[in-house]
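Source file: my_file-v1.txt (compact mmCIF, C-alpha atoms)
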# COMPACT_ATOMS: atom_id res chain seq x y z
CA MET I 1 -35.70 2.71 -0.40
CA ALA I 2 -32.76 3.56 1.86
CA SER I 3 -33.61 5.80 4.81
CA ALA I 4 -31.73 8.93 5.81
CA ALA I 5 -28.72 8.47 8.08
CA ARG I 6 -29.39 10.42 11.26
CA LYS I 7 -26.62 11.62 13.55
CA GLU I 8 -28.73 10.93 16.62
CA ASP I 9 -28.96 7.23 15.73
CA PRO I 10 -26.65 5.16 18.02
CA PHE I 11 -25.21 3.27 15.05
CA PHE I 12 -24.15 6.56 13.45
CA GLY I 13 -22.08 7.45 16.51
CA LEU I 14 -20.76 3.90 16.88
CA VAL I 15 -19.17 3.88 13.41
CA THR I 16 -18.19 7.51 12.93
CA ARG I 17 -16.90 8.13 16.44
CA SER I 18 -16.57 5.15 18.80
CA LEU I 19 -15.10 2.60 16.38
CA ARG I 20 -13.08 5.23 14.56
CA ASP I 21 -11.57 6.47 17.81
CA ALA I 22 -10.84 2.92 19.01
CA VAL I 23 -8.94 2.20 15.80
CA ALA I 24 -7.06 5.50 16.06
CA ALA I 25 -6.03 4.64 19.63
CA ILE I 26 -4.39 1.45 18.37
CA VAL I 27 -2.81 2.94 15.26
CA GLN I 28 -1.38 5.98 17.11
CA ASP I 29 0.16 7.61 14.03
CA GLU I 30 -1.74 10.67 12.84
CA GLN I 31 1.15 11.78 10.64
CA THR I 32 1.04 8.70 8.43
CA TYR I 33 -2.58 7.62 8.64
CA LYS I 34 -5.99 9.19 8.31
CA ILE I 35 -8.78 7.26 10.05
CA GLU I 36 -12.39 7.80 9.09
CA GLY I 37 -15.75 6.12 9.66
CA SER I 38 -18.77 6.34 7.37
CA VAL I 39 -22.36 5.11 7.42
CA GLY I 40 -23.17 6.81 4.12
CA ARG I 41 -23.72 10.31 2.85
CA GLY I 42 -27.32 11.30 3.15
CA ASN I 43 -28.78 7.79 3.27
CA TRP I 44 -27.54 4.77 5.19
CA ALA I 45 -24.82 2.93 3.29
CA GLU I 46 -25.24 -0.72 2.36
CA THR I 47 -21.77 -1.36 3.73
CA PRO I 48 -20.73 0.99 6.55
CA TRP I 49 -16.99 1.19 7.12
CA VAL I 50 -14.11 2.43 9.23
CA SER I 51 -10.98 2.98 7.14
CA VAL I 52 -7.28 3.55 7.71
CA PHE I 53 -5.69 5.52 4.86
CA ASP I 54 -1.92 5.68 4.40
CA LEU I 55 -1.60 9.29 3.26
CA ASN I 56 1.34 8.39 1.03
CA ILE I 57 -1.07 6.24 -0.99
CA THR I 58 -4.57 7.70 -0.66
CA ASP I 59 -6.80 9.82 1.53
CA SER I 60 -10.13 8.56 0.25
CA ALA I 61 -12.14 5.35 0.00
CA THR I 62 -12.77 6.13 -3.67
CA ARG I 63 -9.22 5.44 -4.84
CA GLY I 64 -5.99 3.71 -3.96
CA VAL I 65 -5.34 0.94 -1.45
CA TYR I 66 -6.41 1.16 2.16
CA LEU I 67 -7.23 -0.88 5.26
CA VAL I 68 -10.92 -1.01 6.16
CA TYR I 69 -13.45 -2.58 8.49
CA LEU I 70 -16.44 -3.47 6.27
CA ILE I 71 -19.73 -4.13 8.05
CA ARG I 72 -22.33 -6.28 6.35
CA GLU I 73 -25.71 -4.61 6.06
CA ASP I 74 -27.34 -7.41 8.09
CA GLY I 75 -24.72 -7.00 10.84
CA THR I 76 -23.75 -10.67 10.86
CA ARG I 77 -20.11 -10.20 9.88
CA VAL I 78 -17.32 -7.62 9.81
CA TYR I 79 -14.24 -7.89 7.64
CA LEU I 80 -10.91 -6.25 8.36
CA SER I 81 -9.83 -5.97 4.75
CA LEU I 82 -6.83 -4.69 2.84
CA ASN I 83 -8.93 -3.32 0.01
CA GLN I 84 -9.12 -0.93 -2.93
CA GLY I 85 -11.18 2.10 -3.82
CA CYS I 86 -13.52 1.11 -6.63
CA THR I 87 -15.01 4.47 -7.64
CA ARG I 88 -12.05 5.63 -9.72
CA VAL I 89 -11.60 2.19 -11.28
CA ARG I 90 -15.28 2.05 -12.18
CA LYS I 91 -15.07 5.45 -13.86
CA GLU I 92 -12.03 4.37 -15.88
CA VAL I 93 -13.09 0.91 -17.05
CA GLY I 94 -16.88 0.85 -16.68
CA ARG I 95 -18.63 -2.48 -16.28
CA ARG I 96 -15.34 -4.40 -16.08
CA TYR I 97 -14.45 -2.72 -12.79
CA ARG I 98 -14.94 -5.87 -10.69
CA GLU I 99 -12.73 -7.90 -12.99
CA VAL I 100 -10.04 -5.21 -12.90
CA LEU I 101 -10.20 -4.90 -9.11
CA ALA I 102 -9.86 -8.68 -8.73
CA GLY I 103 -6.89 -8.67 -11.10
CA LEU I 104 -5.19 -5.88 -9.20
CA ALA I 105 -5.84 -7.70 -5.92
CA ARG I 106 -3.94 -10.72 -7.25
CA GLU I 107 -1.05 -8.50 -8.31
CA TYR I 108 -0.94 -6.76 -4.93
CA LEU I 109 -0.82 -10.16 -3.21
CA ASP I 110 2.44 -10.88 -5.01
CA LEU I 111 3.98 -7.86 -3.27
CA LEU I 112 3.20 -9.36 0.14
CA PRO I 113 5.06 -12.13 2.04
CA HIS I 114 3.14 -15.29 1.24
CA ASP I 115 3.86 -16.92 4.59
CA GLU I 116 1.89 -14.10 6.25
CA LEU I 117 -1.22 -14.76 4.16
CA ALA I 118 -1.93 -18.44 4.84
CA ASP I 119 -4.77 -17.94 7.33
CA LEU I 120 -6.23 -14.80 5.72
CA ILE I 121 -9.08 -14.56 3.23
CA THR I 122 -7.65 -13.71 -0.17
CA GLY I 123 -9.79 -12.96 -3.18
CA PRO I 124 -13.44 -11.87 -3.08
CA ILE I 125 -15.30 -11.56 0.21
CA GLU I 126 -19.07 -11.81 0.80
CA LEU I 127 -20.96 -8.72 1.91
CA GLY I 128 -24.49 -9.76 1.01
CA GLU I 129 -26.73 -8.58 -1.76
CA GLY I 130 -25.60 -5.16 -2.96
CA ARG I 131 -27.87 -2.72 -4.77
CA THR I 132 -25.16 -0.20 -5.63
CA ASP I 133 -21.80 -0.63 -7.34
CA LEU I 134 -19.87 -0.07 -4.11
CA THR I 135 -20.64 -3.32 -2.28
CA PRO I 136 -19.64 -5.59 -5.22
CA GLY I 137 -16.55 -3.40 -5.59
CA TYR I 138 -15.57 -3.97 -1.97
CA GLU I 139 -16.07 -7.71 -2.49
CA SER I 140 -13.87 -7.91 -5.60
CA GLY I 141 -11.31 -5.40 -4.32
CA ASN I 142 -10.33 -7.44 -1.28
CA ILE I 143 -6.63 -8.30 -1.21
CA ALA I 144 -6.47 -10.01 2.19
CA ALA I 145 -8.91 -10.01 5.08
CA VAL I 146 -9.84 -11.27 8.53
CA ALA I 147 -13.53 -12.06 9.18
CA TYR I 148 -15.37 -11.63 12.48
CA ASN I 149 -18.79 -13.22 12.98
CA ARG I 150 -21.33 -11.50 15.22
CA ASP I 151 -21.69 -14.57 17.44
CA ALA I 152 -17.94 -15.11 17.86
CA VAL I 153 -16.23 -11.74 18.29
CA PRO I 154 -12.72 -12.29 19.73
CA ALA I 155 -11.23 -10.48 22.71
CA ASP I 156 -10.01 -6.90 22.35
CA THR I 157 -6.40 -8.08 22.54
CA VAL I 158 -6.95 -10.32 19.52
CA LEU I 159 -8.67 -7.53 17.60
CA ALA I 160 -5.76 -5.20 18.33
CA ALA I 161 -3.22 -7.84 17.28
CA ASP I 162 -5.10 -8.41 14.02
CA LEU I 163 -5.10 -4.67 13.31
CA HIS I 164 -1.35 -4.41 13.93
CA ARG I 165 -0.77 -7.40 11.66
CA MET I 166 -2.85 -5.91 8.84
CA LEU I 167 -1.16 -2.54 9.28
CA THR I 168 2.18 -4.26 8.77
CA LEU I 169 0.93 -5.84 5.54
CA TYR I 170 -0.44 -2.46 4.47
CA SER I 171 2.97 -0.89 5.12
CA VAL I 172 4.72 -3.59 3.07
CA LEU I 173 2.29 -3.03 0.21
CA ALA I 174 2.72 0.76 0.44
CA ASP I 175 6.49 0.32 0.17
CA GLY I 176 5.92 -1.83 -2.92
CA LEU I 177 3.81 0.86 -4.55
CA GLU I 178 5.98 3.86 -3.71
CA PRO I 179 8.60 3.19 -6.42
CA LEU I 180 5.85 3.64 -8.98
CA GLY I 181 5.37 7.23 -7.86
CA THR I 182 1.87 6.21 -6.78
CA SER I 183 0.14 9.25 -5.32
CA VAL I 184 -3.42 10.04 -4.43
CA GLY I 185 -5.66 9.23 -7.38
CA GLU I 186 -3.08 7.34 -9.45
CA LEU I 187 -3.78 3.75 -10.45
CA PRO I 188 -0.79 1.54 -11.37
CA SER I 189 -1.34 -0.86 -14.22
CA LEU I 190 -0.85 -4.60 -13.91
CA GLU I 191 2.27 -4.34 -16.08
CA GLU I 192 3.74 -1.59 -13.89
CA LEU I 193 3.16 -3.73 -10.80
CA ARG I 194 4.86 -6.72 -12.43
CA GLN I 195 7.85 -4.61 -13.42
CA VAL I 196 8.24 -2.98 -10.03
CA ARG I 197 8.29 -6.41 -8.37
CA LEU I 198 11.20 -7.38 -10.60
CA HIS I 199 12.98 -4.13 -9.83
CA ARG I 200 12.54 -4.54 -6.08
CA ARG I 201 13.86 -8.09 -6.28
CA ALA I 202 16.95 -6.82 -8.09
CA GLU I 203 17.45 -4.32 -5.25
CA GLY I 204 16.86 -6.92 -2.54
CA ARG I 205 18.36 -5.43 0.61
CA ASN I 206 19.92 -8.69 1.77
CA SER I 207 21.25 -9.89 -1.57
CA ARG I 208 24.93 -10.61 -1.99
CA ALA I 209 25.08 -8.36 -5.05
CA VAL I 210 23.82 -5.36 -3.08
CA LYS I 211 26.34 -5.94 -0.31
CA LEU I 212 29.15 -6.24 -2.85
CA ALA I 213 27.99 -3.07 -4.61
CA LYS I 214 28.21 -1.12 -1.36
CA ALA I 215 31.58 -2.66 -0.52
CA GLY I 216 32.92 -1.84 -3.97
CA HIS I 217 31.55 1.67 -4.36
CA GLY I 218 31.60 2.88 -0.78
CA TYR I 219 28.88 4.82 0.99
CA ARG I 220 28.87 8.19 -0.77
CA CYS I 221 25.53 8.98 -2.40
CA TRP I 222 25.93 9.45 -6.13
CA VAL I 223 23.19 12.07 -6.17
CA CYS I 224 23.69 14.32 -3.14
CA ASP I 225 27.43 13.54 -2.65
CA VAL I 226 27.11 12.90 1.09
CA ASP I 227 29.40 10.16 2.44
CA TYR I 228 27.28 8.67 5.19
CA VAL I 229 29.99 6.53 6.76
CA GLU I 230 32.30 9.54 6.89
CA ARG I 231 29.54 11.55 8.53
CA LEU I 232 27.96 8.93 10.82
CA GLY I 233 30.46 6.13 11.16
CA LYS I 234 29.25 2.53 10.89
CA ALA I 235 25.64 3.61 11.37
CA GLY I 236 25.91 5.41 8.02
CA ARG I 237 25.97 2.08 6.20
CA ARG I 238 22.26 1.76 6.91
CA CYS I 239 21.51 5.11 5.28
CA VAL I 240 22.40 4.11 1.72
CA ASP I 241 20.76 1.81 -0.80
CA ALA I 242 21.97 0.11 -3.96
CA HIS I 243 19.78 1.35 -6.82
CA HIS I 244 19.42 -0.97 -9.79
CA LEU I 245 20.34 1.05 -12.87
CA VAL I 246 18.20 -0.82 -15.40
CA PRO I 247 14.76 0.86 -15.34
CA PHE I 248 12.07 -1.56 -14.27
CA ALA I 249 10.10 -0.68 -17.41
CA GLU I 250 12.84 -2.48 -19.37
CA LEU I 251 12.76 -5.66 -17.29
CA ASP I 252 11.10 -8.64 -18.96
CA GLU I 253 12.05 -11.12 -16.26
CA ARG I 254 14.06 -11.27 -13.04
CA PRO I 255 17.69 -10.40 -13.82
CA LYS I 256 19.73 -13.59 -13.78
CA ALA I 257 23.24 -12.15 -13.88
CA ILE I 258 24.00 -8.99 -11.91
CA ASP I 259 27.35 -7.22 -11.79
CA PRO I 260 27.59 -5.45 -8.43
CA LEU I 261 29.97 -2.80 -9.79
CA THR I 262 28.19 -1.91 -13.02
CA ASP I 263 24.51 -2.59 -12.40
CA PHE I 264 24.04 -0.54 -9.23
CA ALA I 265 24.38 3.07 -8.10
CA ILE I 266 24.87 3.94 -4.43
CA VAL I 267 22.25 6.41 -3.21
CA CYS I 268 20.94 7.54 0.15
CA ALA I 269 17.38 6.66 1.09
CA THR I 270 16.11 10.18 0.32
CA CYS I 271 17.72 10.32 -3.11
CA HIS I 272 16.50 6.80 -3.83
CA ARG I 273 12.94 8.06 -3.35
CA LEU I 274 13.76 10.97 -5.66
CA LEU I 275 14.93 8.59 -8.38
CA HIS I 276 11.64 6.73 -8.13
CA ALA I 277 9.53 9.88 -8.06
CA ALA I 278 8.90 9.41 -11.80
CA THR I 279 7.87 6.48 -13.97
CA PRO I 280 10.21 5.31 -15.40
CA PRO I 281 12.72 6.26 -12.67
CA LEU I 282 14.95 9.29 -13.10
CA THR I 283 18.53 8.69 -14.12
CA VAL I 284 21.24 9.46 -11.59
CA GLU I 285 22.35 12.35 -13.83
CA ALA I 286 18.82 13.84 -13.93
CA ALA I 287 18.50 13.55 -10.17
CA ARG I 288 21.86 15.29 -9.70
CA VAL I 289 20.65 18.19 -11.83
CA LEU I 290 17.56 18.48 -9.65
CA MET I 291 19.68 18.32 -6.50
CA HIS I 292 22.58 20.59 -7.52
CA GLY I 293 21.37 22.46 -10.58
CA ALA I 294 22.83 22.28 -14.09
CA ALA I 295 26.60 22.34 -14.23

Structure translated into structure tokens:
Amino acid sequence: MASAARKEDPFFGLVTRSLRDAVAAIVQDEQTYKIEGSVGRGNWAETPWVSVFDLNITDSATRGVYLVYLIREDGTRVYLSLNQGCTRVRKEVGRRYREVLAGLAREYLDLLPHDELADLITGPIELGEGRTDLTPGYESGNIAAVAYNRDAVPADTVLAADLHRMLTLYSVLADGLEPLGTSVGELPSLEELRQVRLHRRAEGRNSRAVKLAKAGHGYRCWVCDVDYVERLGKAGRRCVDAHHLVPFAELDERPKAIDPLTDFAIVCATCHRLLHAATPPLTVEAARVLMHGAA
């Protein structure tokens, strides 16, 4: 039977204060991230953790995607894992939760640059024998991870570099989820993830079609009516995006033929987020009504 977690125990302070504070000192962004350490509530957890939550995605280890240090119960290994909250998934799908988490992990991997994943652990990790549903959930929910063995812990500089690297991957993944309107507690389906990948590819920031769309339409946002080049000069070109007008829910495959002048709307970054605040995305006309009121 698990024993009660006592605050006076050195391990309690190590996880909930020392490690948490060390991670926070490296992250240095309290506005974007919440950092928390846990050894369990009441009793000692099988898998203690220190997590970094992007508050645009989640604020809890029970749901969403987050970055987490997972400590094996026997203390022999720690994983720095881009992982998923399993509690909500388990409540929604029951016994299939591990299968669903593994499937979502594969989908999330497709939103990440593959050349940055070669030396990381992708797929399930090994946390030892778990008695509760949480430890198997952490194992199946792993998207990408770095492992540290107790007898070969790298230097602090390496640990910090690994954390920065994983934070970058977390940021890329968060950007991939934002167009779905993913907020705390929401779980995108596999189909939604597939469709949003296609949509993001169509809006590729460096594509020739996007550049031609901006050149052809100019730099006035179709939603808020601000001309960013007129207001800011050349720097204003970086303030607008080309929004693909075909909703991603209607995409069956990557668009093969794109007309820069008919398939894109020019919108500023803020209004682009507004368009994607709903699933499927708002139309430009609907967003204009929200911005300016009905005509």

message: Report as a PyMOL selection string all protein, DNA and RNA residues lying within 7 Å of Glu139 of chain I, evaluated on only C-alpha atoms, omitting residues in the same chain fewer than 5 positions from it.
response: chain I and resi 124-127

Find the residues with any atom within 10 Å of (-9.2, -4.2, -6.1); use only C-alpha atoms and the coordinates as given in the file, and write the answer as a PDB file with C-alpha atoms, keeping the file's coordinate frame.
ATOM      1  CA  ARG I  63      -9.220   5.440  -4.840  1.00  0.00           C
ATOM      2  CA  GLY I  64      -5.990   3.710  -3.960  1.00  0.00           C
ATOM      3  CA  VAL I  65      -5.340   0.940  -1.450  1.00  0.00           C
ATOM      4  CA  LEU I  82      -6.830  -4.690   2.840  1.00  0.00           C
ATOM      5  CA  ASN I  83      -8.930  -3.320   0.010  1.00  0.00           C
ATOM      6  CA  GLN I  84      -9.120  -0.930  -2.930  1.00  0.00           C
ATOM      7  CA  GLY I  85     -11.180   2.100  -3.820  1.00  0.00           C
ATOM      8  CA  CYS I  86     -13.520   1.110  -6.630  1.00  0.00           C
ATOM      9  CA  VAL I  89     -11.600   2.190 -11.280  1.00  0.00           C
ATOM     10  CA  TYR I  97     -14.450  -2.720 -12.790  1.00  0.00           C
ATOM     11  CA  ARG I  98     -14.940  -5.870 -10.690  1.00  0.00           C
ATOM     12  CA  GLU I  99     -12.730  -7.900 -12.990  1.00  0.00           C
ATOM     13  CA  VAL I 100     -10.040  -5.210 -12.900  1.00  0.00           C
ATOM     14  CA  LEU I 101     -10.200  -4.900  -9.110  1.00  0.00           C
ATOM     15  CA  ALA I 102      -9.860  -8.680  -8.730  1.00  0.00           C
ATOM     16  CA  GLY I 103      -6.890  -8.670 -11.100  1.00  0.00           C
ATOM     17  CA  LEU I 104      -5.190  -5.880  -9.200  1.00  0.00           C
ATOM     18  CA  ALA I 105      -5.840  -7.700  -5.920  1.00  0.00           C
ATOM     19  CA  ARG I 106      -3.940 -10.720  -7.250  1.00  0.00           C
ATOM     20  CA  GLU I 107      -1.050  -8.500  -8.310  1.00  0.00           C
ATOM     21  CA  TYR I 108      -0.940  -6.760  -4.930  1.00  0.00           C
ATOM     22  CA  GLY I 123      -9.790 -12.960  -3.180  1.00  0.00           C
ATOM     23  CA  PRO I 124     -13.440 -11.870  -3.080  1.00  0.00           C
ATOM     24  CA  GLY I 137     -16.550  -3.400  -5.590  1.00  0.00           C
ATOM     25  CA  TYR I 138     -15.570  -3.970  -1.970  1.00  0.00           C
ATOM     26  CA  GLU I 139     -16.070  -7.710  -2.490  1.00  0.00           C
ATOM     27  CA  SER I 140     -13.870  -7.910  -5.600  1.00  0.00           C
ATOM     28  CA  GLY I 141     -11.310  -5.400  -4.320  1.00  0.00           C
ATOM     29  CA  ASN I 142     -10.330  -7.440  -1.280  1.00  0.00           C
ATOM     30  CA  ILE I 143      -6.630  -8.300  -1.210  1.00  0.00           C
TER      31      ILE I 143
END

message: What does the structure give for the distance between atom CA of Val267 of chain I and atom CA of Asp225 of chain I, in Å to one decimal?
response: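 It comes out at 8.8 Å.
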
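Straight-line separation from atom CA of Asp133 of chain I to atom CA of Thr87 of chain I: 8.5 Å.
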
field: From I:Ala61, I:Leu112, I:Ser51, I:Met291, residue lying nearest Ala174 of chain I [only C-alpha atoms]
entry: I:Leu112

- prompt: Of the candidates I:Ile35, I:Ser171, I:Arg165, I:Thr135, which one gets nearest to Asn56 of chain I if we count all atoms listed in the file?
  reply: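 Closest candidate: I:Ser171.
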
- prompt: Quick one: distance from atom CA of Asp115 of chain I to atom CA of Asp175 of chain I in Å, one decimal?
  reply: 18.0 Å

message: Distance cut-off 12 Å, centre (25.0, 5.2, 8.2) in file coordinates, counting all atoms listed in the file: which residues qualify? Return them as a ChimeraX atom specification.
response: /I:214,218-221,226-241,267-269
